[in-house]
file final.txt (compact mmCIF, C-alpha atoms)
# COMPACT_ATOMS: atom_id res chain seq x y z
CA MET A 1 82.72 101.81 121.65
CA ARG A 2 82.60 103.17 118.11
CA VAL A 3 84.63 101.31 115.47
CA PHE A 4 85.65 103.24 112.35
CA GLN A 5 85.79 100.91 109.36
CA PHE A 6 87.66 101.34 106.12
CA ASP A 7 85.40 102.42 103.26
CA ASN A 8 86.35 100.21 100.33
CA LYS A 9 83.54 101.55 98.14
CA LYS A 10 84.63 105.17 98.09
CA TYR A 11 86.06 104.96 94.60
CA GLY A 12 84.84 103.12 91.52
CA PHE A 13 87.93 100.92 91.53
CA GLU A 14 89.58 98.71 94.14
CA LEU A 15 92.20 100.53 96.20
CA MET A 16 92.57 99.43 99.81
CA MET A 17 94.13 102.72 100.86
CA ASP A 18 93.14 106.35 100.91
CA LEU A 19 94.93 109.66 101.27
CA HIS A 20 93.35 113.06 101.53
CA ARG A 21 93.88 116.45 103.12
CA PHE A 22 92.14 117.24 106.39
CA GLU A 23 90.99 120.56 104.93
CA THR A 24 88.77 118.74 102.42
CA ASN A 25 87.34 116.33 105.04
CA PRO A 26 86.70 118.41 108.17
CA ASN A 27 86.24 116.45 111.41
CA LEU A 28 86.78 113.09 109.69
CA TYR A 29 87.77 110.57 112.38
CA PHE A 30 88.12 113.38 114.93
CA GLU A 31 86.00 111.44 117.39
CA PRO A 32 86.39 112.86 120.93
CA GLU A 33 85.05 109.72 122.59
CA THR A 34 87.15 106.57 122.93
CA HIS A 35 87.06 104.63 119.67
CA THR A 36 89.04 102.20 117.57
CA ILE A 37 89.77 101.58 113.88
CA ASP A 38 90.03 98.51 111.64
CA PHE A 39 92.87 99.94 109.52
CA PHE A 40 96.33 101.49 109.78
CA GLU A 41 96.40 105.26 110.04
CA ILE A 42 99.01 108.00 109.70
CA MET A 43 98.11 111.62 110.46
CA PHE A 44 100.44 114.29 109.09
CA LEU A 45 99.37 117.22 111.26
CA GLU A 46 101.01 120.18 109.57
CA GLN A 47 99.03 122.50 111.81
CA SER A 48 96.68 121.47 114.60
CA ARG A 49 95.16 122.38 117.94
CA GLY A 50 94.24 119.96 120.71
CA ASP A 51 95.56 116.61 121.85
CA ILE A 52 95.35 112.91 121.02
CA VAL A 53 95.30 109.97 123.43
CA LEU A 54 96.52 106.70 121.89
CA ASN A 55 96.55 103.68 124.20
CA ASP A 56 98.11 105.15 127.36
CA TYR A 57 100.09 107.93 125.63
CA LYS A 58 98.80 111.49 125.37
CA THR A 59 100.36 114.18 123.21
CA GLU A 60 99.60 117.87 123.03
CA LEU A 61 99.64 118.58 119.32
CA SER A 62 102.39 120.78 117.94
CA PRO A 63 103.13 121.87 114.37
CA LEU A 64 104.46 119.06 112.17
CA THR A 65 103.33 116.20 114.42
CA VAL A 66 103.09 112.80 112.71
CA LEU A 67 100.92 110.23 114.48
CA PHE A 68 100.62 106.50 113.77
CA ALA A 69 97.79 104.16 114.80
CA SER A 70 97.41 100.42 114.25
CA PRO A 71 94.17 98.43 113.94
CA HIS A 72 92.21 97.92 117.17
CA GLN A 73 94.20 100.43 119.22
CA LYS A 74 92.08 102.70 121.40
CA LYS A 75 92.26 106.45 120.97
CA ARG A 76 90.56 109.79 121.52
CA ASN A 77 90.97 112.76 119.18
CA ASN A 78 90.49 116.06 121.00
CA ILE A 79 91.29 118.09 117.88
CA THR A 80 89.69 121.47 117.19
CA HIS A 81 91.68 122.30 114.05
CA ALA A 82 93.88 120.36 111.64
CA LYS A 83 95.74 120.99 108.41
CA GLY A 84 97.71 118.26 106.70
CA PHE A 85 97.25 114.75 105.32
CA HIS A 86 95.41 111.64 106.47
CA LEU A 87 96.67 108.27 105.18
CA VAL A 88 94.77 105.04 105.86
CA PHE A 89 95.05 101.47 104.58
CA LYS A 90 93.82 98.00 105.47
CA ASP A 91 95.76 95.35 107.38
CA ASP A 92 96.97 93.33 104.42
CA PHE A 93 97.30 96.22 101.98
CA LEU A 94 101.04 96.75 102.44
CA ASP A 95 101.74 93.01 102.53
CA ASN A 96 100.08 92.49 99.16
CA PHE A 97 101.06 95.81 97.65
CA PHE A 98 104.76 95.25 98.29
CA SER A 99 104.70 91.43 98.09
CA ASP A 100 106.18 91.26 101.59
CA LYS A 101 104.07 89.57 104.27
CA LEU A 102 106.15 91.17 107.02
CA PHE A 103 106.39 94.70 105.62
CA VAL A 104 104.15 96.41 108.16
CA HIS A 105 106.11 94.76 110.99
CA ARG A 106 109.34 96.20 109.60
CA LEU A 107 108.07 99.70 110.37
CA GLN A 108 109.07 100.80 113.86
CA TYR A 109 106.14 103.16 114.33
CA PHE A 110 103.46 100.45 114.11
CA TYR A 111 102.97 97.89 116.91
CA ASN A 112 105.46 99.66 119.17
CA ALA A 113 104.87 99.00 122.86
CA ALA A 114 107.95 100.87 124.08
CA GLN A 115 107.84 104.30 122.39
CA PRO A 116 105.04 106.79 121.71
CA GLN A 117 103.53 106.37 118.26
CA PHE A 118 104.08 109.98 117.26
CA PHE A 119 106.94 112.40 116.72
CA GLN A 120 107.65 115.88 115.38
CA ILE A 121 109.11 115.86 111.91
CA ASP A 122 111.70 118.36 110.73
CA ARG A 123 110.25 120.93 108.34
CA SER A 124 112.71 120.10 105.54
CA ASP A 125 111.89 116.37 105.80
CA TYR A 126 108.18 117.11 105.80
CA LYS A 127 108.54 119.31 102.74
CA LEU A 128 110.00 116.36 100.82
CA ILE A 129 107.34 113.93 102.06
CA LYS A 130 104.60 116.45 101.30
CA ILE A 131 105.61 116.47 97.63
CA CYS A 132 105.07 112.70 97.54
CA LEU A 133 101.76 112.92 99.37
CA ASN A 134 100.48 115.51 96.92
CA GLU A 135 101.50 113.27 94.03
CA ILE A 136 99.68 110.28 95.57
CA THR A 137 96.48 112.27 96.06
CA MET A 138 96.64 113.42 92.44
CA GLU A 139 97.04 109.82 91.24
CA ILE A 140 94.07 108.69 93.31
CA GLU A 141 91.91 111.56 92.04
CA ASN A 142 92.95 110.93 88.42
CA TYR A 143 93.35 107.17 88.55
CA LYS A 144 94.76 105.49 85.43
CA SER A 145 95.93 102.00 84.58
CA ASP A 146 99.49 102.72 85.71
CA SER A 147 98.54 104.75 88.80
CA LYS A 148 99.02 101.83 91.19
CA HIS A 149 102.70 101.60 90.17
CA ILE A 150 103.26 105.29 90.83
CA ILE A 151 101.37 105.12 94.12
CA ARG A 152 103.36 102.05 95.16
CA SER A 153 106.74 103.71 94.55
CA LEU A 154 105.78 106.97 96.27
CA LEU A 155 104.16 105.23 99.23
CA TYR A 156 107.16 102.94 99.70
CA PHE A 157 109.41 105.99 99.88
CA VAL A 158 107.15 107.82 102.34
CA LEU A 159 106.77 104.85 104.70
CA SER A 160 110.46 103.95 104.61
CA LYS A 161 111.54 107.56 105.07
CA LEU A 162 109.20 107.91 108.05
CA ASN A 163 110.64 104.73 109.53
CA ARG A 164 114.14 106.16 109.32
CA LEU A 165 113.10 109.48 110.86
CA TYR A 166 111.04 107.86 113.63
CA ALA A 167 113.88 105.46 114.47
CA LYS A 168 116.38 108.32 114.61
CA HIS A 169 114.05 110.36 116.84
CA TYR A 170 113.72 107.56 119.41
CA GLY A 171 117.21 106.05 119.01
CA LEU A 172 116.01 102.83 117.38
CA SER A 173 117.39 100.68 114.58
CA MET A 174 116.81 102.22 111.15
CA GLU A 175 117.19 98.82 109.48
CA THR A 176 114.00 97.62 107.78
CA GLN A 177 115.40 94.77 105.72
CA GLY A 178 117.27 92.92 108.45
CA ASN A 179 116.82 89.37 109.65
CA THR A 180 113.24 88.33 108.92
CA GLU A 181 113.04 86.43 112.22
CA ILE A 182 112.80 89.81 113.99
CA TYR A 183 109.68 90.76 112.09
CA ALA A 184 108.23 87.26 112.20
CA PHE A 185 108.47 87.42 116.00
CA LYS A 186 106.79 90.85 116.06
CA LYS A 187 103.96 89.46 113.92
CA GLU A 188 103.47 86.42 116.16
CA LEU A 189 103.52 88.70 119.18
CA GLU A 190 100.71 90.86 117.81
CA ASP A 191 98.64 87.83 116.82
CA LYS A 192 99.00 85.93 120.09
CA ILE A 193 99.91 88.27 122.96
CA ARG A 194 96.49 87.95 124.61
CA SER A 195 96.93 84.21 125.04
CA VAL A 196 100.66 83.40 124.80
CA HIS A 197 103.21 84.84 127.25
CA LYS A 198 106.02 82.29 127.13
CA VAL A 199 109.11 82.64 124.95
CA GLU A 200 109.23 78.90 124.38
CA THR A 201 105.85 78.91 122.67
CA TYR A 202 106.96 81.58 120.22
CA THR A 203 110.31 79.92 119.48
CA SER A 204 108.49 76.64 118.86
CA LEU A 205 106.06 78.33 116.46
CA MET A 206 108.96 79.97 114.64
CA ASN A 207 111.23 76.91 114.81
CA ILE A 208 114.12 78.97 116.19
CA ASP A 209 116.48 78.53 119.12
CA ARG A 210 115.76 80.87 122.06
CA ASN A 211 119.37 82.04 122.34
CA ARG A 212 119.51 82.86 118.65
CA LEU A 213 116.25 84.79 118.82
CA ASN A 214 117.51 86.79 121.80
CA ARG A 215 120.77 87.63 120.04
CA ILE A 216 118.91 88.85 116.96
CA LEU A 217 116.41 90.91 118.95
CA LYS A 218 119.04 92.49 121.20
CA SER A 219 121.02 93.61 118.16
CA TYR A 220 117.82 95.16 116.81
CA ASN A 221 116.36 96.99 119.80
CA GLY A 222 118.38 95.98 122.87
CA LEU A 223 115.58 93.82 124.27
CA THR A 224 115.26 90.07 124.79
CA ALA A 225 112.22 88.16 123.61
CA GLN A 226 110.86 87.99 127.17
CA GLN A 227 111.26 91.73 127.63
CA MET A 228 109.38 92.38 124.40
CA ILE A 229 106.59 90.03 125.49
CA HIS A 230 106.34 91.78 128.86
CA ARG A 231 106.24 95.26 127.32
CA ARG A 232 103.55 94.27 124.84
CA LEU A 233 101.52 92.45 127.50
CA LEU A 234 101.77 95.45 129.83
CA GLN A 235 100.37 97.65 127.07
CA GLU A 236 97.46 95.22 126.62
CA VAL A 237 96.67 95.26 130.35
CA LYS A 238 96.82 99.07 130.44
CA THR A 239 94.43 99.27 127.50
CA GLU A 240 91.95 97.00 129.27
CA LEU A 241 92.21 99.07 132.47
CA LEU A 242 91.80 102.39 130.68
CA TYR A 243 89.08 101.62 128.18
CA THR A 244 86.90 98.91 129.71
CA ASN A 245 84.97 98.44 132.92
CA LYS A 246 86.14 94.86 133.36
CA THR A 247 87.19 93.67 136.79
CA ILE A 248 90.79 92.63 137.39
CA SER A 249 89.62 89.01 137.42
CA GLU A 250 87.88 89.43 134.06
CA ILE A 251 90.98 91.03 132.52
CA ALA A 252 93.15 88.25 133.91
CA LEU A 253 90.87 85.65 132.33
CA ASP A 254 90.82 87.45 128.95
CA LEU A 255 94.62 87.77 128.91
CA ASN A 256 95.27 84.18 129.99
CA PHE A 257 96.68 84.85 133.46
CA SER A 258 96.07 81.89 135.74
CA GLU A 259 94.52 84.17 138.37
CA ALA A 260 93.97 87.85 139.15
CA ASN A 261 96.78 87.96 141.72
CA ASN A 262 99.29 86.95 139.04
CA LEU A 263 98.14 89.79 136.81
CA SER A 264 98.39 92.25 139.72
CA ARG A 265 101.94 91.12 140.57
CA PHE A 266 102.96 91.37 136.91
CA PHE A 267 101.49 94.86 136.59
CA MET A 268 103.07 96.11 139.83
CA LYS A 269 106.49 94.77 138.81
CA HIS A 270 106.46 96.39 135.39
CA SER A 271 104.57 99.64 136.03
CA GLY A 272 105.24 100.39 139.69
CA LYS A 273 101.51 100.64 140.41
CA SER A 274 98.72 98.24 141.18
CA PRO A 275 96.03 97.87 138.48
CA SER A 276 93.55 99.72 140.70
CA GLU A 277 95.98 102.60 141.32
CA PHE A 278 96.68 102.90 137.59
CA ARG A 279 92.98 102.93 136.72
CA LYS A 280 92.17 105.61 139.34
CA ALA A 281 95.09 107.81 138.25
CA LYS A 282 93.81 107.92 134.67
call {"tool": "encode", "arguments": {"input": "final.txt", "output": "structure tokens"}}
result
Amino acid sequence: MRVFQFDNKKYGFELMMDLHRFETNPNLYFEPETHTIDFFEIMFLEQSRGDIVLNDYKTELSPLTVLFASPHQKKRNNITHAKGFHLVFKDDFLDNFFSDKLFVHRLQYFYNAAQPQFFQIDRSDYKLIKICLNEITMEIENYKSDSKHIIRSLLYFVLSKLNRLYAKHYGLSMETQGNTEIYAFKKELEDKIRSVHKVETYTSLMNIDRNRLNRILKSYNGLTAQQMIHRRLLQEVKTELLYTNKTISEIALDLNFSEANNLSRFFMKHSGKSPSEFRKAK
């Protein structure tokens, strides 16, 4: 499987992000075969034709679609035409850029196992964001000593505004600066989901009471810690079924199920299909 890697030598100065228009980089990252990336990615598809498959979600592209992808997610880009902007940055770029180690986990559109990682943006909202994107591209192209400060402020606005719009679209919490334990749990979940499935392990790592964690999470997205673990684990199993040729036993071993039957029971309970049925249907 092809892995697209961030090019940190594109410019003559260190900037672990990039933003450009699709019109100036035709077919960039429009790989039709299943692939993955080692960076975060936001596509602002002002105009486009085709579809994109991200994990187990498929969307037929419509005008003003915004799509989000996180590192190591599997996707296919069946795009024949695109106009808009392409924003990419490395894993720790936002953490360091905004001096907030949990910033990327505050954004609802990344690492979301419950909702599709795309939505259609209102034209008036896009018009405002587009002004910022154009300003960022100009700063990158004409980089000066104070450019990083301008880029930081504009990018913070764009990402936070998108979070609010995405949350409103899917009926999620718009709060990004709430209790840090929420985002700490999301980070631990992403780091350890392939090996850790028990709430107690996470609460021990975070040094937090299970009841308190559940109260905080339910106020945030209506889910308990166990429900979030199950949703994220289900997504991981689906990804393995869709994009690998591993047997059920091999997937069970890789995802720390004690045996294949336990994985099958888990998958049937949470998806309504057996792993084999799901794989054949796709």
call {"tool": "closest_residue", "arguments": {"input": "final.txt", "among": "A:Gln235, A:Ala252, A:Lys90, A:Met16", "to": "Lys148 (chain A)", "atoms": "only C-alpha atoms"}}
result
A:Met16
call {"tool": "residues_around", "arguments": {"input": "final.txt", "residues": "region 127-143 of chain A", "least_positions_apart": "6", "cutoff": "10 Å", "atoms": "only C-alpha atoms", "output": "number ranges by chain"}}
result
A: 11-13, 15, 17-21, 44, 46, 84-87, 121, 150-155, 157-159, 161-162
call {"tool": "write_last_selection", "arguments": {"input": "final.txt", "atoms": "C-alpha atoms", "output": "PDB file, in the coordinates of the input"}}
result
ATOM      1  CA  TYR A  11      86.060 104.960  94.600  1.00  0.00           C
ATOM      2  CA  GLY A  12      84.840 103.120  91.520  1.00  0.00           C
ATOM      3  CA  PHE A  13      87.930 100.920  91.530  1.00  0.00           C
ATOM      4  CA  LEU A  15      92.200 100.530  96.200  1.00  0.00           C
ATOM      5  CA  MET A  17      94.130 102.720 100.860  1.00  0.00           C
ATOM      6  CA  ASP A  18      93.140 106.350 100.910  1.00  0.00           C
ATOM      7  CA  LEU A  19      94.930 109.660 101.270  1.00  0.00           C
ATOM      8  CA  HIS A  20      93.350 113.060 101.530  1.00  0.00           C
ATOM      9  CA  ARG A  21      93.880 116.450 103.120  1.00  0.00           C
ATOM     10  CA  PHE A  44     100.440 114.290 109.090  1.00  0.00           C
ATOM     11  CA  GLU A  46     101.010 120.180 109.570  1.00  0.00           C
ATOM     12  CA  GLY A  84      97.710 118.260 106.700  1.00  0.00           C
ATOM     13  CA  PHE A  85      97.250 114.750 105.320  1.00  0.00           C
ATOM     14  CA  HIS A  86      95.410 111.640 106.470  1.00  0.00           C
ATOM     15  CA  LEU A  87      96.670 108.270 105.180  1.00  0.00           C
ATOM     16  CA  ILE A 121     109.110 115.860 111.910  1.00  0.00           C
ATOM     17  CA  ILE A 150     103.260 105.290  90.830  1.00  0.00           C
ATOM     18  CA  ILE A 151     101.370 105.120  94.120  1.00  0.00           C
ATOM     19  CA  ARG A 152     103.360 102.050  95.160  1.00  0.00           C
ATOM     20  CA  SER A 153     106.740 103.710  94.550  1.00  0.00           C
ATOM     21  CA  LEU A 154     105.780 106.970  96.270  1.00  0.00           C
ATOM     22  CA  LEU A 155     104.160 105.230  99.230  1.00  0.00           C
ATOM     23  CA  PHE A 157     109.410 105.990  99.880  1.00  0.00           C
ATOM     24  CA  VAL A 158     107.150 107.820 102.340  1.00  0.00           C
ATOM     25  CA  LEU A 159     106.770 104.850 104.700  1.00  0.00           C
ATOM     26  CA  LYS A 161     111.540 107.560 105.070  1.00  0.00           C
ATOM     27  CA  LEU A 162     109.200 107.910 108.050  1.00  0.00           C
TER      28      LEU A 162
END
call {"tool": "closest_residue", "arguments": {"input": "final.txt", "among": "A:Arg215, A:Phe4, A:Val237, A:Met174", "to": "Glu250 (chain A)", "atoms": "all atoms listed in the file"}}
result
A:Val237
call {"tool": "residues_around", "arguments": {"input": "final.txt", "residues": "Leu213 (chain A)", "least_positions_apart": "3", "cutoff": "10 Å", "atoms": "all atoms listed in the file", "output": "PyMOL selection string"}}
result
chain A and resi 181-182+185+199+202-203+206+208-210+216-218+224-225
call {"tool": "closest_residue", "arguments": {"input": "final.txt", "among": "A:Asn207, A:Gln73, A:Asn25, A:Thr34", "to": "Phe110 (chain A)", "atoms": "all atoms listed in the file"}}
result
A:Gln73
call {"tool": "closest_residue", "arguments": {"input": "final.txt", "among": "A:Phe22, A:Phe278, A:Phe39, A:Phe6", "to": "Ser264 (chain A)", "atoms": "all atoms listed in the file"}}
result
A:Phe278
call {"tool": "atom_distance", "arguments": {"input": "final.txt", "atom1": "CA of Tyr109 (chain A)", "atom2": "CA of Lys238 (chain A)"}}
result
19.1 Å
call {"tool": "atom_distance", "arguments": {"input": "final.txt", "atom1": "CA of Tyr243 (chain A)", "atom2": "CA of Gly50 (chain A)"}}
result
20.5 Å
call {"tool": "residues_near_point", "arguments": {"input": "final.txt", "point": "(92.5, 101.5, 141.3)", "cutoff": "12 Å", "atoms": "only C-alpha atoms", "output": "JSON, numbers by chain"}}
result
{"A": [238, 241, 242, 245, 247, 248, 264, 268, 273, 274, 275, 276, 277, 278, 279, 280, 281, 282]}
call {"tool": "atom_distance", "arguments": {"input": "final.txt", "atom1": "CA of Asn256 (chain A)", "atom2": "CA of Glu200 (chain A)"}}
result
15.9 Å
call {"tool": "closest_residue", "arguments": {"input": "final.txt", "among": "A:Phe30, A:Arg2, A:His197, A:Asn221", "to": "Ser258 (chain A)", "atoms": "all atoms listed in the file"}}
result
A:His197
call {"tool": "residues_around", "arguments": {"input": "final.txt", "residues": "Arg49 (chain A)", "least_positions_apart": "6", "cutoff": "12 Å", "atoms": "all atoms listed in the file", "output": "compact mmCIF listing (two decimals) with C-alpha atoms, in the coordinates of the input"}}
result
# COMPACT_ATOMS: atom_id res chain seq x y z
CA PHE A 30 88.12 113.38 114.93
CA THR A 59 100.36 114.18 123.21
CA GLU A 60 99.60 117.87 123.03
CA LEU A 61 99.64 118.58 119.32
CA SER A 62 102.39 120.78 117.94
CA PRO A 63 103.13 121.87 114.37
CA LEU A 64 104.46 119.06 112.17
CA THR A 65 103.33 116.20 114.42
CA ASN A 77 90.97 112.76 119.18
CA ASN A 78 90.49 116.06 121.00
CA ILE A 79 91.29 118.09 117.88
CA THR A 80 89.69 121.47 117.19
CA HIS A 81 91.68 122.30 114.05
CA ALA A 82 93.88 120.36 111.64
CA LYS A 83 95.74 120.99 108.41
call {"tool": "closest_residue", "arguments": {"input": "final.txt", "among": "A:Asn262, A:Ser99, A:Asn179, A:Gln108", "to": "Ser160 (chain A)", "atoms": "all atoms listed in the file"}}
result
A:Gln108
call {"tool": "residues_around", "arguments": {"input": "final.txt", "residues": "Tyr111 (chain A)", "least_positions_apart": "4", "cutoff": "10 Å", "atoms": "all atoms listed in the file", "output": "ChimeraX atom specification"}}
result
/A:68-71,73,104-107,115,117,186-187,189-190,232
call {"tool": "residues_around", "arguments": {"input": "final.txt", "residues": "Lys198 (chain A)", "least_positions_apart": "3", "cutoff": "8 Å", "atoms": "all atoms listed in the file", "output": "short mmCIF file (atom, residue, chain, number, x, y, z; two decimals) with C-alpha atoms, in the frame of the given file"}}
result
data_model
loop_
_atom_site.label_atom_id
_atom_site.label_comp_id
_atom_site.auth_asym_id
_atom_site.auth_seq_id
_atom_site.Cartn_x
_atom_site.Cartn_y
_atom_site.Cartn_z
CA THR A 201 105.85 78.91 122.67
CA TYR A 202 106.96 81.58 120.22
CA GLN A 226 110.86 87.99 127.17
CA ILE A 229 106.59 90.03 125.49
#
call {"tool": "residues_near_point", "arguments": {"input": "final.txt", "point": "(90.2, 105.0, 121.6)", "cutoff": "10 Å", "atoms": "only C-alpha atoms", "output": "ChimeraX atom specification"}}
result
/A:1-3,31-37,52-56,72-77,239,242-243
call {"tool": "axis_aligned_box", "arguments": {"input": "final.txt", "around": "region 168-177 of chain A", "padding_each_side": "4 Å", "output": "lines of an AutoDock Vina configuration file"}}
result
center_x = 115.6
center_y = 102.6
center_z = 112.6
size_x = 11.7
size_y = 23.6
size_z = 21.7
call {"tool": "decode", "arguments": {"input": "final.txt", "residues": "region 148-167 of chain A", "atoms": "N, CA and C atoms", "output": "PDB file, in the first residue's frame"}}
result
ATOM      1  N   LYS A 148       5.162  33.464  10.319  1.00  0.00           N
ATOM      2  CA  LYS A 148       4.636  32.369  11.140  1.00  0.00           C
ATOM      3  C   LYS A 148       3.564  32.864  12.108  1.00  0.00           C
ATOM      4  N   HIS A 149       3.667  34.113  12.572  1.00  0.00           N
ATOM      5  CA  HIS A 149       2.666  34.653  13.483  1.00  0.00           C
ATOM      6  C   HIS A 149       1.344  34.902  12.756  1.00  0.00           C
ATOM      7  N   ILE A 150       1.438  35.397  11.537  1.00  0.00           N
ATOM      8  CA  ILE A 150       0.232  35.620  10.739  1.00  0.00           C
ATOM      9  C   ILE A 150      -0.406  34.294  10.366  1.00  0.00           C
ATOM     10  N   ILE A 151       0.418  33.336   9.945  1.00  0.00           N
ATOM     11  CA  ILE A 151      -0.092  32.007   9.598  1.00  0.00           C
ATOM     12  C   ILE A 151      -0.763  31.365  10.807  1.00  0.00           C
ATOM     13  N   ARG A 152      -0.133  31.478  11.966  1.00  0.00           N
ATOM     14  CA  ARG A 152      -0.676  30.882  13.183  1.00  0.00           C
ATOM     15  C   ARG A 152      -2.076  31.432  13.497  1.00  0.00           C
ATOM     16  N   SER A 153      -2.225  32.741  13.433  1.00  0.00           N
ATOM     17  CA  SER A 153      -3.514  33.349  13.783  1.00  0.00           C
ATOM     18  C   SER A 153      -4.597  32.984  12.776  1.00  0.00           C
ATOM     19  N   LEU A 154      -4.248  33.006  11.486  1.00  0.00           N
ATOM     20  CA  LEU A 154      -5.229  32.647  10.461  1.00  0.00           C
ATOM     21  C   LEU A 154      -5.606  31.175  10.529  1.00  0.00           C
ATOM     22  N   LEU A 155      -4.613  30.316  10.726  1.00  0.00           N
ATOM     23  CA  LEU A 155      -4.866  28.882  10.784  1.00  0.00           C
ATOM     24  C   LEU A 155      -5.703  28.520  12.007  1.00  0.00           C
ATOM     25  N   TYR A 156      -5.433  29.160  13.121  1.00  0.00           N
ATOM     26  CA  TYR A 156      -6.213  28.916  14.333  1.00  0.00           C
ATOM     27  C   TYR A 156      -7.680  29.255  14.085  1.00  0.00           C
ATOM     28  N   PHE A 157      -7.924  30.371  13.418  1.00  0.00           N
ATOM     29  CA  PHE A 157      -9.302  30.753  13.104  1.00  0.00           C
ATOM     30  C   PHE A 157      -9.964  29.723  12.200  1.00  0.00           C
ATOM     31  N   VAL A 158      -9.265  29.333  11.129  1.00  0.00           N
ATOM     32  CA  VAL A 158      -9.834  28.385  10.167  1.00  0.00           C
ATOM     33  C   VAL A 158     -10.187  27.059  10.844  1.00  0.00           C
ATOM     34  N   LEU A 159      -9.255  26.497  11.610  1.00  0.00           N
ATOM     35  CA  LEU A 159      -9.477  25.201  12.243  1.00  0.00           C
ATOM     36  C   LEU A 159     -10.586  25.269  13.290  1.00  0.00           C
ATOM     37  N   SER A 160     -10.617  26.334  14.060  1.00  0.00           N
ATOM     38  CA  SER A 160     -11.651  26.484  15.086  1.00  0.00           C
ATOM     39  C   SER A 160     -13.016  26.737  14.461  1.00  0.00           C
ATOM     40  N   LYS A 161     -13.049  27.534  13.411  1.00  0.00           N
ATOM     41  CA  LYS A 161     -14.311  27.793  12.709  1.00  0.00           C
ATOM     42  C   LYS A 161     -14.844  26.512  12.091  1.00  0.00           C
ATOM     43  N   LEU A 162     -13.969  25.727  11.483  1.00  0.00           N
ATOM     44  CA  LEU A 162     -14.384  24.439  10.912  1.00  0.00           C
ATOM     45  C   LEU A 162     -14.928  23.513  11.988  1.00  0.00           C
ATOM     46  N   ASN A 163     -14.298  23.525  13.155  1.00  0.00           N
ATOM     47  CA  ASN A 163     -14.759  22.675  14.248  1.00  0.00           C
ATOM     48  C   ASN A 163     -16.186  23.053  14.642  1.00  0.00           C
ATOM     49  N   ARG A 164     -16.452  24.329  14.716  1.00  0.00           N
ATOM     50  CA  ARG A 164     -17.795  24.788  15.079  1.00  0.00           C
ATOM     51  C   ARG A 164     -18.814  24.379  14.014  1.00  0.00           C
ATOM     52  N   LEU A 165     -18.466  24.550  12.755  1.00  0.00           N
ATOM     53  CA  LEU A 165     -19.384  24.218  11.667  1.00  0.00           C
ATOM     54  C   LEU A 165     -19.624  22.711  11.566  1.00  0.00           C
ATOM     55  N   TYR A 166     -18.542  21.932  11.706  1.00  0.00           N
ATOM     56  CA  TYR A 166     -18.659  20.473  11.653  1.00  0.00           C
ATOM     57  C   TYR A 166     -19.522  19.972  12.815  1.00  0.00           C
ATOM     58  N   ALA A 167     -19.270  20.508  14.011  1.00  0.00           N
ATOM     59  CA  ALA A 167     -20.037  20.097  15.190  1.00  0.00           C
ATOM     60  C   ALA A 167     -21.513  20.436  15.014  1.00  0.00           C
TER      61      ALA A 167
END
